[in-house]
file target27.txt (compact mmCIF, C-alpha atoms)
# COMPACT_ATOMS: atom_id res chain seq x y z
CA MET A 148 9.33 -9.96 -13.94
CA LYS A 149 8.31 -8.80 -10.50
CA ILE A 150 10.40 -9.46 -7.42
CA PRO A 151 8.27 -11.33 -4.83
CA VAL A 152 9.03 -8.80 -2.10
CA SER A 153 6.65 -5.87 -1.73
CA VAL A 154 5.61 -2.97 0.45
CA LEU A 155 2.16 -1.98 1.65
CA VAL A 156 1.75 1.65 2.74
CA VAL A 157 -1.32 2.59 4.78
CA ILE A 158 -2.00 6.34 4.61
CA TYR A 159 -4.18 7.81 7.32
CA THR A 160 -5.01 11.15 8.90
CA ALA A 161 -4.90 12.35 12.49
CA ARG A 162 -8.70 11.83 12.45
CA ASN A 163 -8.17 8.15 11.56
CA GLU A 164 -9.34 8.42 7.96
CA VAL A 165 -7.63 5.92 5.66
CA LEU A 166 -6.92 6.52 1.98
CA LEU A 167 -8.02 3.72 -0.35
CA LEU A 168 -7.30 3.34 -4.06
CA GLU A 169 -9.44 1.41 -6.57
CA ARG A 170 -7.48 -0.88 -8.88
CA ALA A 171 -7.73 -0.05 -12.59
CA ASP A 172 -7.45 -3.72 -13.58
CA HIS A 173 -10.14 -4.86 -11.13
CA PRO A 174 -12.90 -2.28 -10.50
CA GLY A 175 -14.29 -2.70 -6.99
CA TYR A 176 -10.94 -3.88 -5.59
CA TRP A 177 -9.89 -1.29 -3.01
CA GLN A 178 -6.44 -1.19 -1.49
CA SER A 179 -3.71 0.90 0.09
CA VAL A 180 -0.52 1.79 -1.77
CA THR A 181 1.37 -1.37 -2.73
CA GLY A 182 4.28 -2.30 -4.91
CA SER A 183 7.20 -4.63 -5.42
CA LEU A 184 10.84 -3.78 -5.04
CA ASP A 185 12.41 -2.50 -8.26
CA LEU A 186 15.75 -4.10 -7.37
CA ILE A 187 16.42 -6.98 -5.00
CA ASP A 188 18.65 -4.72 -2.86
CA GLU A 189 16.31 -1.68 -2.86
CA PRO A 190 15.82 -0.60 0.77
CA LEU A 191 12.23 -1.26 1.86
CA ILE A 192 11.71 2.31 3.13
CA ASN A 193 12.86 3.63 -0.27
CA ALA A 194 10.43 1.33 -2.07
CA ALA A 195 7.62 2.53 0.22
CA ALA A 196 8.44 6.20 -0.47
CA ARG A 197 8.71 5.53 -4.22
CA GLU A 198 5.39 3.69 -4.39
CA LEU A 199 3.70 6.38 -2.30
CA LEU A 200 4.85 9.07 -4.75
CA GLU A 201 4.06 7.00 -7.87
CA GLU A 202 0.55 6.00 -6.78
CA THR A 203 -0.67 9.11 -4.92
CA GLY A 204 1.68 11.99 -5.67
CA ILE A 205 2.46 12.24 -1.94
CA ASP A 206 6.16 13.10 -1.59
CA VAL A 207 7.68 11.94 1.69
CA SER A 208 10.39 14.60 1.38
CA GLN A 209 7.62 17.23 1.72
CA LEU A 210 6.24 15.69 4.94
CA PRO A 211 7.58 16.10 8.47
CA GLU A 212 10.58 13.87 9.13
CA GLY A 213 9.58 10.40 10.24
CA SER A 214 6.09 10.55 8.70
CA LEU A 215 6.74 7.31 6.81
CA LYS A 216 7.31 4.54 9.35
CA SER A 217 7.73 0.81 9.23
CA MET A 218 5.02 -1.05 11.09
CA ASP A 219 7.72 -3.64 11.90
CA TYR A 220 5.61 -6.37 10.43
CA CYS A 221 5.57 -8.49 7.31
CA VAL A 222 3.45 -11.33 5.97
CA GLU A 223 3.95 -13.99 3.36
CA TYR A 224 0.94 -14.76 1.20
CA ASP A 225 0.00 -16.75 -1.87
CA ILE A 226 0.10 -14.68 -5.05
CA TYR A 227 -3.38 -14.57 -6.58
CA PRO A 228 -3.51 -16.83 -9.68
CA GLN A 229 -4.52 -13.91 -11.93
CA TRP A 230 -1.22 -12.14 -11.07
CA GLN A 231 1.21 -15.09 -11.05
CA HIS A 232 2.21 -14.38 -14.67
CA ARG A 233 3.93 -11.20 -13.45
CA TYR A 234 6.45 -13.25 -11.44
CA PRO A 235 9.17 -15.72 -12.47
CA PRO A 236 7.91 -19.25 -13.16
CA GLY A 237 7.32 -21.23 -9.98
CA VAL A 238 7.08 -18.16 -7.71
CA LEU A 239 3.82 -18.58 -5.80
CA LYS A 240 4.40 -16.52 -2.64
CA ASN A 241 5.16 -12.87 -1.91
CA THR A 242 6.57 -11.27 1.24
CA GLU A 243 4.84 -7.97 2.03
CA HIS A 244 6.35 -5.42 4.44
CA TRP A 245 3.97 -2.96 6.11
CA PHE A 246 4.46 0.81 6.42
CA GLN A 247 2.27 3.68 7.56
CA VAL A 248 2.09 7.40 6.85
CA GLN A 249 0.14 9.66 9.16
CA LEU A 250 -0.96 13.00 7.72
CA LEU A 251 -2.47 15.88 9.67
CA ASP A 252 -5.41 15.98 7.28
CA ARG A 253 -6.51 14.75 3.87
CA VAL A 254 -4.32 15.82 0.97
CA PRO A 255 -5.07 15.95 -2.74
CA VAL A 256 -4.25 12.63 -4.41
CA LYS A 257 -2.74 12.34 -7.89
CA LEU A 258 -3.51 8.82 -9.08
CA ALA A 259 -1.36 6.74 -11.41
CA LEU A 260 -4.23 6.07 -13.81
CA ARG A 261 -2.69 2.91 -15.24
CA GLU A 262 -2.90 1.47 -11.70
CA HIS A 263 -5.87 3.16 -10.01
CA THR A 264 -9.05 4.86 -11.17
CA SER A 265 -10.44 6.29 -7.96
CA SER A 266 -9.59 7.17 -4.37
CA ARG A 267 -11.58 7.66 -1.20
CA TRP A 268 -11.01 8.43 2.46
CA GLU A 269 -12.83 6.22 4.97
CA SER A 270 -12.81 5.46 8.68
CA ILE A 271 -10.49 2.67 9.78
CA SER A 272 -13.30 0.15 10.14
CA VAL A 273 -14.94 0.99 6.78
CA ALA A 274 -11.59 1.05 4.97
CA ALA A 275 -10.67 -2.35 6.39
CA SER A 276 -14.02 -3.80 5.32
CA LEU A 277 -13.58 -2.53 1.75
CA CYS A 278 -10.12 -4.03 1.13
CA PHE A 279 -10.07 -7.12 -1.07
CA SER A 280 -6.74 -8.22 0.43
CA PRO A 281 -6.81 -9.83 3.89
CA SER A 282 -3.30 -8.56 4.64
CA ASN A 283 -4.29 -5.00 3.69
CA ARG A 284 -7.33 -5.28 5.96
CA ASP A 285 -5.15 -6.51 8.81
CA ALA A 286 -2.61 -3.71 8.31
CA ILE A 287 -5.36 -1.09 8.52
CA LEU A 288 -6.84 -2.67 11.64
CA ARG A 289 -3.38 -2.72 13.20
CA LEU A 290 -3.48 1.11 13.16
CA LYS A 291 -5.93 0.92 16.06
CA ILE A 292 -3.26 -0.48 18.35
CA LYS A 293 -0.52 1.97 17.38
call {"tool": "encode", "arguments": {"input": "target27.txt", "output": "structure tokens"}}
result
Amino acid sequence: MKIPVSVLVVIYTARNEVLLLERADHPGYWQSVTGSLDLIDEPLINAAARELLEETGIDVSQLPEGSLKSMDYCVEYDIYPQWQHRYPPGVLKNTEHWFQVQLLDRVPVKLALREHTSSRWESISVAASLCFSPSNRDAILRLKIK
């Protein structure tokens, strides 16, 4: 069962292009890197780095120090009904912690095909408009004020 604490990692370039991933289980659902903690005491930054590597092949240890940063923000949201079966009975909300990774330029992406079927780089405004998740949209738009 999933732990109802997750990370969202927005990946973007110095030219403000955002990487989006298309969900394998819901074609047309675009999102940033996301994932739940593996263990209740897993540090959030470690979960963000792990999910980044698992879903894109981007290894934080190969990036300049400090490339992966907390956005110092989290939201609590209702778990979509179609995904509630992944959580313990009665768990209806998830707490999502936001992170960002700025890259100098686009990098090749190695998708986890069981999770995502496609990737694309888009401007901040286009990427935000394509996200199915309101919190993901808001996290991308928050890049404008950083």
call {"tool": "residues_around", "arguments": {"input": "target27.txt", "residues": "range 242-245 of chain A", "least_positions_apart": "6", "cutoff": "7 Å", "atoms": "only C-alpha atoms", "output": "MDAnalysis selection string"}}
result
chainID A and resid 151:156 217:224 286
call {"tool": "closest_residue", "arguments": {"input": "target27.txt", "among": "A:Asp188, A:Lys149, A:Asp206, A:Lys216", "to": "Phe246 in chain A", "atoms": "all atoms listed in the file"}}
result
A:Lys216
call {"tool": "residues_around", "arguments": {"input": "target27.txt", "residues": "Gln231 in chain A", "least_positions_apart": "6", "cutoff": "12 Å", "atoms": "all atoms listed in the file", "output": "ChimeraX atom specification"}}
result
/A:148-151,225,237-241
call {"tool": "residues_around", "arguments": {"input": "target27.txt", "residues": "Ser266 in chain A", "least_positions_apart": "5", "cutoff": "8 Å", "atoms": "all atoms listed in the file", "output": "list in words"}}
result
Leu166, Leu167, Leu168, Glu169, Val256 and Leu258 of chain A
call {"tool": "residues_around", "arguments": {"input": "target27.txt", "residues": "Ser265 in chain A", "least_positions_apart": "2", "cutoff": "12 Å", "atoms": "all atoms listed in the file", "output": "MDAnalysis selection string"}}
result
chainID A and resid 166:179 202:203 256:263 267:268
call {"tool": "closest_residue", "arguments": {"input": "target27.txt", "among": "A:Ala161, A:Gln209, A:Ser183, A:Ile271", "to": "Tyr234 in chain A", "atoms": "all atoms listed in the file"}}
result
A:Ser183
call {"tool": "closest_residue", "arguments": {"input": "target27.txt", "among": "A:Leu251, A:Asp285, A:Cys278, A:Asp185", "to": "Glu164 in chain A", "atoms": "only C-alpha atoms"}}
result
A:Leu251
call {"tool": "atom_distance", "arguments": {"input": "target27.txt", "atom1": "CA of Ser214 in chain A", "atom2": "CA of Arg289 in chain A"}}
result
16.9 Å
call {"tool": "atom_distance", "arguments": {"input": "target27.txt", "atom1": "CA of Ile187 in chain A", "atom2": "CA of Leu288 in chain A"}}
result
28.9 Å
call {"tool": "atom_distance", "arguments": {"input": "target27.txt", "atom1": "CA of Ser280 in chain A", "atom2": "CA of Leu210 in chain A"}}
result
27.6 Å
call {"tool": "residues_around", "arguments": {"input": "target27.txt", "residues": "Gly213 in chain A", "least_positions_apart": "4", "cutoff": "10 Å", "atoms": "only C-alpha atoms", "output": "list in words"}}
result
Val207, Ser208, Ser217, Val248 and Gln249 of chain A
